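Worksheet: the structure to be examined is printed underneath.
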Amino acid sequence: MLRTLRTVYHVSGFSWYAFIVKYLAAKDGDELPTGIFVYGGPWKYLTFLNLLLQMAFFGLAAVNDLQPEKGTESSLHRWKDLLFSIFAFPVGTFVVLLFWTIFAFDRELVYPATIDAFFPPWINHAMHTFVFPVLLGEVLLQPHTYPETKPALTALGAVGLAYLSWIIWVYLSVGIWVYPLLQYFSAAGLLGFFLFNMSVVTSLYLLGEELDRRVWRKVEAKD
């Protein structure tokens with residue numbers, strides 16, 4: 001019964017994210033506010049990259065569920081756990097946390113009001129709200145094997161540095177910051193902002209590991 005529930009959950013998650021990604025990709029080329037999709041289209045936004053990440057995870061999880069029972073030792077299962085633990089949970093949670101924190105302070109710094117005419121409220125929540133409860137559901141449905149902390153955080157940091165390099169490249173190429181907030185930082189301020197964000201993502205990785213341990217330790221204790 002639980003195996004079937006996991007399969008349905010993963011297939012539904014993959015289908016949901018595939019739908020959202022297709023919806024956003026179809027907007028590329030539309031008459032959007034100036035600078036929204038210039039140079040790189042939606043691919044320069046962490047939100048969109050995170051949607052692709054979530055879609056990839058749930059797709060991999062669904063494929064793993066549909067394989068003959070091989071336990072947790074199959075390479076597919078290990079890759080699924082690595083993708084969730086190192087990237088899907090911390091990055092997905094970070095996107096939700098950072099977006100709504102900045103939005104509450106001044107939405108113009110991250111999601112200008114002009115966008116509302118092109119993206120309805122439900123798509124905003126699909127991108128920036130529903131991600132977290134879906135991830136939390138995954139934590140509650142299935143235990144995940146976490147790797148050693150040091151190499152995991154190294155991989156997470158490398159991806160973070162790659163994204164920072166990408167948004168700087170976009171700015172140097174077309175003179176537009178991916179997020180309006182970034183125009184207010186000096187070079188040192190941008191570095192400090194990046195390091196702060198990486199410390200938050202690191203904390204979220206550790207939070208995910210602790211949640212997994214606590215939830216499934218209680219389940220094992222009951223069994």
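Chain lettering (A, B, ...) mirrors the order of the structure tokens, residue numbering begins at 1 for each chain separately, and ligand numbering begins at 1 in order of display.
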Inset, instruction - Tell me which protein, DNA and RNA residues are within 8 Å of Phe84 (chain A), counting only C-alpha atoms, leaving out same-chain ones fewer than 5 positions away, and put them as a count of residues only. - result: 3
Inset, instruction - Please provide as a ChimeraX atom specification all residues within 8 Å of Val21 (chain A), with the sequence filter that same-chain residues fewer than 6 positions apart are discarded (counting only C-alpha atoms). - result: /A:48,51-52
Could you write those residues out with C-alpha atoms, as a tab-separated table (two decimals), in the first residue's frame?
```tsv
chain	number	residue	atom	x	y	z
A	48	PHE	CA	12.89	27.96	-13.00
A	51	LEU	CA	11.40	23.58	-11.00
A	52	LEU	CA	13.55	21.57	-13.41
```
Legend entry - Best match for closeness to Met1 (chain A) among A:Leu207, A:Leu182, A:Leu190, A:Leu141, counting only C-alpha atoms: A:Leu141
I'd like a table as JSON lines: residues in region 167-203 of chain A with an atom no more than 12 Å from region 101-104 of chain A, each row giving the shortest atom pair and its distance in Å to one decimal, only C-alpha atoms counted, sorted by chain and rising residue number.
```
{"residue": "A:Tyr179", "atom": "CA", "partner": "A:Ile102", "partner_atom": "CA", "distance": 11.0}
{"residue": "A:Pro180", "atom": "CA", "partner": "A:Ile102", "partner_atom": "CA", "distance": 11.1}
{"residue": "A:Leu181", "atom": "CA", "partner": "A:Ile102", "partner_atom": "CA", "distance": 8.9}
{"residue": "A:Leu182", "atom": "CA", "partner": "A:Ile102", "partner_atom": "CA", "distance": 11.9}
```
Can I get the selection written as a PDB file, in the first residue's frame, with N, CA, C and O atoms?
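What ended up in part.pdb:
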```
ATOM      1  N   TYR A 179      17.862  39.561 -10.879  1.00  0.00           N
ATOM      2  CA  TYR A 179      16.920  40.034  -9.855  1.00  0.00           C
ATOM      3  C   TYR A 179      17.221  41.500  -9.551  1.00  0.00           C
ATOM      4  O   TYR A 179      18.388  41.858  -9.339  1.00  0.00           O
ATOM      5  N   PRO A 180      16.205  42.373  -9.533  1.00  0.00           N
ATOM      6  CA  PRO A 180      16.417  43.803  -9.280  1.00  0.00           C
ATOM      7  C   PRO A 180      17.217  44.082  -8.012  1.00  0.00           C
ATOM      8  O   PRO A 180      17.962  45.058  -7.939  1.00  0.00           O
ATOM      9  N   LEU A 181      17.072  43.221  -7.005  1.00  0.00           N
ATOM     10  CA  LEU A 181      17.773  43.400  -5.743  1.00  0.00           C
ATOM     11  C   LEU A 181      19.280  43.514  -5.938  1.00  0.00           C
ATOM     12  O   LEU A 181      19.963  44.285  -5.245  1.00  0.00           O
ATOM     13  N   LEU A 182      19.838  42.779  -6.883  1.00  0.00           N
ATOM     14  CA  LEU A 182      21.290  42.679  -7.040  1.00  0.00           C
ATOM     15  C   LEU A 182      21.933  43.984  -7.498  1.00  0.00           C
ATOM     16  O   LEU A 182      23.132  44.186  -7.288  1.00  0.00           O
TER      17      LEU A 182
END
```
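Nearest to Leu46 (chain A) of all the residues A:Ala155, A:Leu164, A:Val63, A:Leu2 is A:Leu164, based on only C-alpha atoms.
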Inset, instruction - Write out as number ranges by chain all residues of region 48-202 of chain A that DSSP puts in alpha helix (DSSP H) for this structure's backbone. - result: A: 48-65, 75-82, 89-106, 121-128, 131-141, 149-174, 187-202
Could you write out the selected residues, including C-alpha atoms, as an mmCIF file, in the first residue's frame?
```cif
data_model
loop_
_atom_site.group_PDB
_atom_site.id
_atom_site.type_symbol
_atom_site.label_atom_id
_atom_site.label_comp_id
_atom_site.auth_asym_id
_atom_site.auth_seq_id
_atom_site.Cartn_x
_atom_site.Cartn_y
_atom_site.Cartn_z
ATOM 1 C CA PHE A 48 12.885 27.962 -13.003
ATOM 2 C CA LEU A 49 16.047 25.905 -12.505
ATOM 3 C CA ASN A 50 14.595 24.666 -9.232
ATOM 4 C CA LEU A 51 11.400 23.576 -11.004
ATOM 5 C CA LEU A 52 13.548 21.567 -13.413
ATOM 6 C CA LEU A 53 15.406 20.097 -10.449
ATOM 7 C CA GLN A 54 12.179 19.085 -8.717
ATOM 8 C CA MET A 55 10.830 17.615 -11.954
ATOM 9 C CA ALA A 56 14.030 15.616 -12.429
ATOM 10 C CA PHE A 57 13.891 14.279 -8.884
ATOM 11 C CA PHE A 58 10.253 13.212 -9.032
ATOM 12 C CA GLY A 59 10.794 11.698 -12.463
ATOM 13 C CA LEU A 60 13.760 9.691 -11.197
ATOM 14 C CA ALA A 61 11.810 8.667 -8.098
ATOM 15 C CA ALA A 62 8.868 7.506 -10.239
ATOM 16 C CA VAL A 63 11.130 5.442 -12.483
ATOM 17 C CA ASN A 64 12.733 3.921 -9.389
ATOM 18 C CA ASP A 65 9.311 3.058 -7.976
ATOM 19 C CA SER A 75 22.239 2.541 -8.181
ATOM 20 C CA LEU A 76 19.010 4.238 -9.281
ATOM 21 C CA HIS A 77 17.798 4.390 -5.682
ATOM 22 C CA ARG A 78 21.120 5.834 -4.506
ATOM 23 C CA TRP A 79 21.091 8.514 -7.192
ATOM 24 C CA LYS A 80 17.519 9.400 -6.252
ATOM 25 C CA ASP A 81 18.497 9.844 -2.616
ATOM 26 C CA LEU A 82 21.557 11.900 -3.541
ATOM 27 C CA PHE A 89 15.323 19.605 -0.543
ATOM 28 C CA PRO A 90 17.802 22.377 0.363
ATOM 29 C CA VAL A 91 17.517 24.287 -2.927
ATOM 30 C CA GLY A 92 13.733 23.931 -3.122
ATOM 31 C CA THR A 93 13.266 25.080 0.462
ATOM 32 C CA PHE A 94 15.734 27.925 -0.061
ATOM 33 C CA VAL A 95 13.809 29.258 -3.061
ATOM 34 C CA VAL A 96 10.589 29.375 -1.030
ATOM 35 C CA LEU A 97 12.231 30.931 2.031
ATOM 36 C CA LEU A 98 14.268 33.589 0.224
ATOM 37 C CA PHE A 99 11.528 34.577 -2.203
ATOM 38 C CA TRP A 100 8.853 35.209 0.409
ATOM 39 C CA THR A 101 11.293 36.937 2.771
ATOM 40 C CA ILE A 102 12.283 39.450 0.093
ATOM 41 C CA PHE A 103 8.722 39.683 -1.258
ATOM 42 C CA ALA A 104 7.430 40.601 2.216
ATOM 43 C CA PHE A 105 10.073 43.336 2.500
ATOM 44 C CA ASP A 106 9.682 44.796 -0.996
ATOM 45 C CA PRO A 121 -1.293 34.334 -8.675
ATOM 46 C CA TRP A 122 -1.591 30.543 -8.865
ATOM 47 C CA ILE A 123 1.573 30.267 -10.984
ATOM 48 C CA ASN A 124 3.444 32.404 -8.457
ATOM 49 C CA HIS A 125 2.423 30.002 -5.696
ATOM 50 C CA ALA A 126 3.222 27.007 -7.888
ATOM 51 C CA MET A 127 6.760 28.338 -8.260
ATOM 52 C CA HIS A 128 7.349 29.800 -4.820
ATOM 53 C CA VAL A 131 7.408 23.472 -3.575
ATOM 54 C CA PHE A 132 7.966 23.210 0.170
ATOM 55 C CA PRO A 133 4.877 21.189 1.198
ATOM 56 C CA VAL A 134 5.555 18.808 -1.700
ATOM 57 C CA LEU A 135 9.112 18.312 -0.414
ATOM 58 C CA LEU A 136 7.836 17.855 3.111
ATOM 59 C CA GLY A 137 5.459 15.185 1.848
ATOM 60 C CA GLU A 138 8.432 13.378 0.334
ATOM 61 C CA VAL A 139 10.242 13.463 3.684
ATOM 62 C CA LEU A 140 7.219 11.894 5.369
ATOM 63 C CA LEU A 141 6.611 9.245 2.706
ATOM 64 C CA THR A 149 28.341 15.842 4.915
ATOM 65 C CA LYS A 150 31.604 17.284 3.564
ATOM 66 C CA PRO A 151 31.357 16.032 -0.051
ATOM 67 C CA ALA A 152 27.632 16.822 -0.085
ATOM 68 C CA LEU A 153 28.206 20.433 0.932
ATOM 69 C CA THR A 154 31.111 20.693 -1.505
ATOM 70 C CA ALA A 155 28.804 19.668 -4.356
ATOM 71 C CA LEU A 156 26.139 22.090 -3.162
ATOM 72 C CA GLY A 157 28.687 24.907 -2.954
ATOM 73 C CA ALA A 158 30.001 24.163 -6.449
ATOM 74 C CA VAL A 159 26.498 24.399 -7.895
ATOM 75 C CA GLY A 160 25.909 27.643 -5.999
ATOM 76 C CA LEU A 161 29.144 29.110 -7.380
ATOM 77 C CA ALA A 162 28.175 28.027 -10.886
ATOM 78 C CA TYR A 163 24.842 29.836 -10.576
ATOM 79 C CA LEU A 164 26.537 32.991 -9.258
ATOM 80 C CA SER A 165 28.899 32.894 -12.247
ATOM 81 C CA TRP A 166 25.908 32.506 -14.579
ATOM 82 C CA ILE A 167 24.014 35.547 -13.266
ATOM 83 C CA ILE A 168 27.202 37.653 -13.365
ATOM 84 C CA TRP A 169 27.728 36.541 -16.960
ATOM 85 C CA VAL A 170 24.174 37.590 -17.820
ATOM 86 C CA TYR A 171 24.816 41.013 -16.283
ATOM 87 C CA LEU A 172 28.124 41.470 -18.124
ATOM 88 C CA SER A 173 26.495 40.386 -21.390
ATOM 89 C CA VAL A 174 23.333 42.509 -21.408
ATOM 90 C CA ALA A 187 31.115 43.670 -5.629
ATOM 91 C CA ALA A 188 31.906 43.009 -1.961
ATOM 92 C CA GLY A 189 28.223 43.175 -1.077
ATOM 93 C CA LEU A 190 27.353 40.681 -3.793
ATOM 94 C CA LEU A 191 29.994 38.300 -2.471
ATOM 95 C CA GLY A 192 28.671 38.727 1.071
ATOM 96 C CA PHE A 193 25.107 38.113 -0.119
ATOM 97 C CA PHE A 194 26.215 34.954 -1.895
ATOM 98 C CA LEU A 195 28.074 33.657 1.166
ATOM 99 C CA PHE A 196 25.072 34.405 3.367
ATOM 100 C CA ASN A 197 22.787 32.535 1.000
ATOM 101 C CA MET A 198 25.150 29.563 0.910
ATOM 102 C CA SER A 199 25.144 29.461 4.711
ATOM 103 C CA VAL A 200 21.330 29.332 4.605
ATOM 104 C CA VAL A 201 21.365 26.544 2.015
ATOM 105 C CA THR A 202 23.892 24.645 4.130
#
```
